[in-house]
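One structure is given here, and the rest of the page talks about it.
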Amino acid sequence: MGRIPGFRANIFPDAGMANLNLVANIGLTLFLFIVGLEVDLRIALNNWKVALSVGVLGMALPFGLGCAIAVGLYNEFKDEPGTVPIDFGTFMLFIGVAMAITAFPVLCRILTELKLLMTPVGVIVLSAGVGNDVVGWILLALCVALVNAGSGITALYVLLTCVGYALFLIYAVRPVFVWMLRKSRALQDGPSQGIIAMTLLLCLSSAFFTGIIGVHPIFGAFMAGMICPHEGGFNIKVAEKIEDLIGALFLPLYFTLSGLNTNIGLLDSGIVWAYVIGVCAVAFGAKFIGATAAARLSGMLWRECFAIGSLMSCKGLVELIVLNIGLQAKILSTRTFTIFVVMALVTTFVTSPLTIHFYPQWYQKKVEAFRRGEIDWDGNPLDGSDSIADDAHFEKVEAEKVKRLTVYLRLDSMPNLLAFASLFGGQAQKQATKTHPLLKQRGSQTLEDGESADEIPRRPVEAHGLRLLNLTDRGSSVMQVYETESYTTHDPVVNIFRTFGRLHNLAISGEALVVPEDSFADTLSARAADSDLLLLPWSETGGMSEQAVIEDKGTKNKLAAPSYLSFIRATLEQTNVTAAVLVNKNFGGPKNKDKKNRLMRTYSSVSLSSHRDAPVTAPITDKSHHVFFPFFGGDDDRAALRLVLQLAENVEVTATIVHFEVPDALLQESESDSSSPVSATTKGAEGTVGTATAAQRRDRDAAFFASLRASLPSELAPRVVFDSAPSDRPVKDVIARAGNEVGQAPRNGGDLVVLGRNIGRKGLDKQGVDEIRGERSAATTLGLLAERIWEAKLGASILVVKAGQRVV
């Protein structure tokens with residue numbers, strides 16, 4: 001827009017440029033401070049071998065070729081207006097740095113956008129990028145010092161002073177700063193307004209000092225950011241306080257001024273365009289080849305190496321900052337500045353498309369399965385099975401109990417989630433009477449505490465809790481990825497789940513991950529790959545947020561939450577293991593909705609003592625749960641039936657299982673349905689795969705139901721009832737039967753209606769449909785039956801089960 005006649009004179013007049021430059025430089029200084037906060041040397045140290053090889057070779061080759069092309073640039077453009085006479089060595093050093101540097105902040109955001117932060121490629125790129133960033137800024141500081149110094153002795157003095165100041169920051173300022181943060185509890189409770197003011201004062205003072213000694217002020221701000229502690233997430237909390245103002249106001253001014261200094265019209269000759277192409281080729285090609293070769297030497301696959309090379313060639317904002325420093329120091333003329341700006345834009349724009357091309361999602365999943373030993377490199381299962389269409393194999397999978405359980409932990413769903421997960425714990429083993437250690441030593445040899453001579457400890461169910469925290473595009477959010485271990489160790493939700501498991505005979509593990517919200521489904525699917533069941537709670541807040549709901553008027557219809565519907569649908573479609581979605585309705589005990597027992601904002605009720613004689617909520621005396629399950633047949637219903645029988649092993653659970661015998665037309669599968677590939681196919685005599693008829697599936701399901709009914713263990717017989725019922729209107733009949741089964745004991749631990757998902761049965765879907773339902777409705781995600789039962793308000797929770805499809 002600066003090329004528009006009169007634009008610059010009216011919008012950016014010369015009289016205001018001094019003030020704009022001042023504000024823009026303050027923004028640049030604060031931005032480099034945040035970059036220093038982002039740099040975590042622990043990443044490079046933890047992966048130092050591959051980081052060193054990729055970083056060194058990824059810098060050495062472009063630096064060397066940059067020095068080579070600097071010869072032609074120096075001879076062609078050294079006498080242009082706007083430059084000062086400088087030695088070729090200084091010019092060569094600057095061009096080499098401009099070619100070798102990688103934009104670490106932009107790199108973090110690209111990895112976030114492409115969902116690569118947690119992959120081997122992302123870890124290597126971040127590790128190499130940290131070292132690349134630090135070395136690049138040191139070389140740039142050396143270059144600026146050489147330009148500002150009148151002689152070599154002066155430059156040496158400037159560099160030694162800068163080194164001395166860096167040591168002073170590390171060994172004198174940082175200990176005092178950390179001591180003050182501990183004394184004010186800023187590391188534990190977060191920075192106060194005074195601490196933020198002191199931190200910014202440290203940043204600006206450091207920038208002022210490095211500017212005085214002859215190095216650019218941004219280096220002081222960068223060093224101030226690096227000495228800020230990461231303990232307690234202090235660097236993250238500081239960045240959260242200031243990054244929005246910097247990113248929304250200060251930094252755009254800096255790059256606006258950078259754009260005004262760029263004059264594309266100066267690229268007006270063949271030799272200039274030859275240098276544009278040459279600079280772009282050297283900047284991208286050398287970086288790509290160097291980083292790719294180093295990654296290959298580290299044992300990475302070729303596609304992973306190409307992705308690493310593409311990512312390391314990213315220039316981004318950091319390159320523009322380097323170029324502006326060169327322009328201000330009059331190392332570059334406006335023409336050479338424009339050449340390098342074009343190079344920075346080109347290398348930044350091609351990074352994401354090339355990375356997606358070399359390292360697509362399907363390839364990532366293939367490599368993960370290959371490294372886990374599930375498939376060979378051609379994609380064939382290592383157990384020799386070609387598919388999971390074999391009926392005997394599939395029934396064997398369905399007959400197995402849940403031994404490994406993955407649970408998606410949400411803060412808003414923890415009460416009902418823990419109550420349901422406790423059913424997998426069964427009855428705890430009888431514990432022997434405890435004996436004081438001193439008395440035990442005086443007595444004879446006895447069994448260890450907790451063991452019984454006539455009991456063999458039962459292997460507990462393994463439950464893995466997964467807490468997902470949203471990763472936004474903010475820099476502070478990207479920093480959270482580095483602190484995953486701390487989040488896992490100290491996250492209260494994960495720790496509650498751990499303690500709960502120890503009390504309910506479950507083998508518990510847990511972790512917290514920071515991933516983009518649109519990657520939640522991918523992450524859950526990948527983490528649950530080795531589990532027998534993935535348990536997903538339905539949102540209590542009406543969306544993806546876990547924030548506490550003060551008034552629940554917006555969550556009356558839980559199933560009408562578009563964002564959560566999309567998340568559940570994506571997870572169910574992507575996961576290969578059996579998945580269950582729990583829609584809560586007072587599971588674990590009724591909610592406290594008695595307004596008479598609430599403290600009211602009246603004069604007579606402000607004190608707790610005024611409620612001393614008020615009735616209290618007694619503990620749940622009836623901890624039982626009643627489960628109702630309508631069985632129609634198919635993969636989902638088979639998986640749900642096995643799950644119901646496992647839940648019924650808990651002595652507090654009773655279950656009614658009804659086989660609804662419906663006409664074959666109602667069991668007809670939709671042609672577009674791909675959710676149940678197993679039951680829809682059978683192998684013919686010649687090995688060809690044909691579609692099974694509805695009658696064949698019905699007979700097989702009836703035999704499956706009858707075999708489980710006949711083989712019911714004696715200990716389950718008093719608590720489990722099997723029944724059969726013919727039905728022409730299954731939706732209405734199921735709702736009517738469920739109304740008689742659940743909600744009969746309102747003071748118990750909560751009843752449950754278990755349903756197979758059964759998406760795609762167009763005959764069943766037509767029953768009771770009286771309106772046009774969109775693709776985002778609950779019926780298309782959980783099934784029409786689940787939606788209708790929830791709308792019937794039967795006073796019971798709903799568990800929707802989708803069968804797994806994984807090869808075992």
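In the structure tokens, the first chain shown is A, the next is B, and so on; residue numbers restart at 1 for each chain, and ligands run from 1 in the order shown.
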
Name all residues at most 10 Å from region 360-363 of chain A (count only C-alpha atoms; drop same-chain ones fewer than 3 positions away) and give them as a list in words.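 Contacts, with the query itself left out: Leu114, Lys115, Leu116, Arg303, Glu304, Ala307, Leu354, Thr355, Ile356, His357, Lys366, Val367, Glu368 and Ala369 of chain A.
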
Considering only C-alpha atoms, state which residue in the set A:Phe12, A:Tyr408, A:Phe337, A:Phe629 is at the smallest distance from Gly510 (chain A).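 Distance minimum relative to Gly510 (chain A) lands on A:Tyr408.
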
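The neighbours of Ile331 (chain A) here are the residues that come within 9 Å of it, using only C-alpha atoms and leaving out any residue fewer than 2 positions away in the same chain; they are Lys78, Gly82, Thr83, Val84, Pro85, Ile86, Thr90, Phe91, Phe94, Val147, Ile325, Gly326, Leu327, Gln328, Ala329 and Ser333 of chain A.
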
Residue nearest Ile213 (chain A) among A:Val178, A:Val158, A:Ala291, A:Cys228 (counting only C-alpha atoms): A:Val158

Contact residues around Phe520 (chain A) with only C-alpha atoms at 12 Å, ignoring same-chain residues under 3 positions, as a VMD selection string: chain A and resid 115 408 to 409 466 to 471 513 to 517 523 to 527 536 544 563 to 564 566 to 572 574 to 575

Between A:Glu791, A:Glu511, A:Glu649, A:Asp244, which one has atoms that come closest to Asn495 (chain A), using only C-alpha atoms? A:Glu511
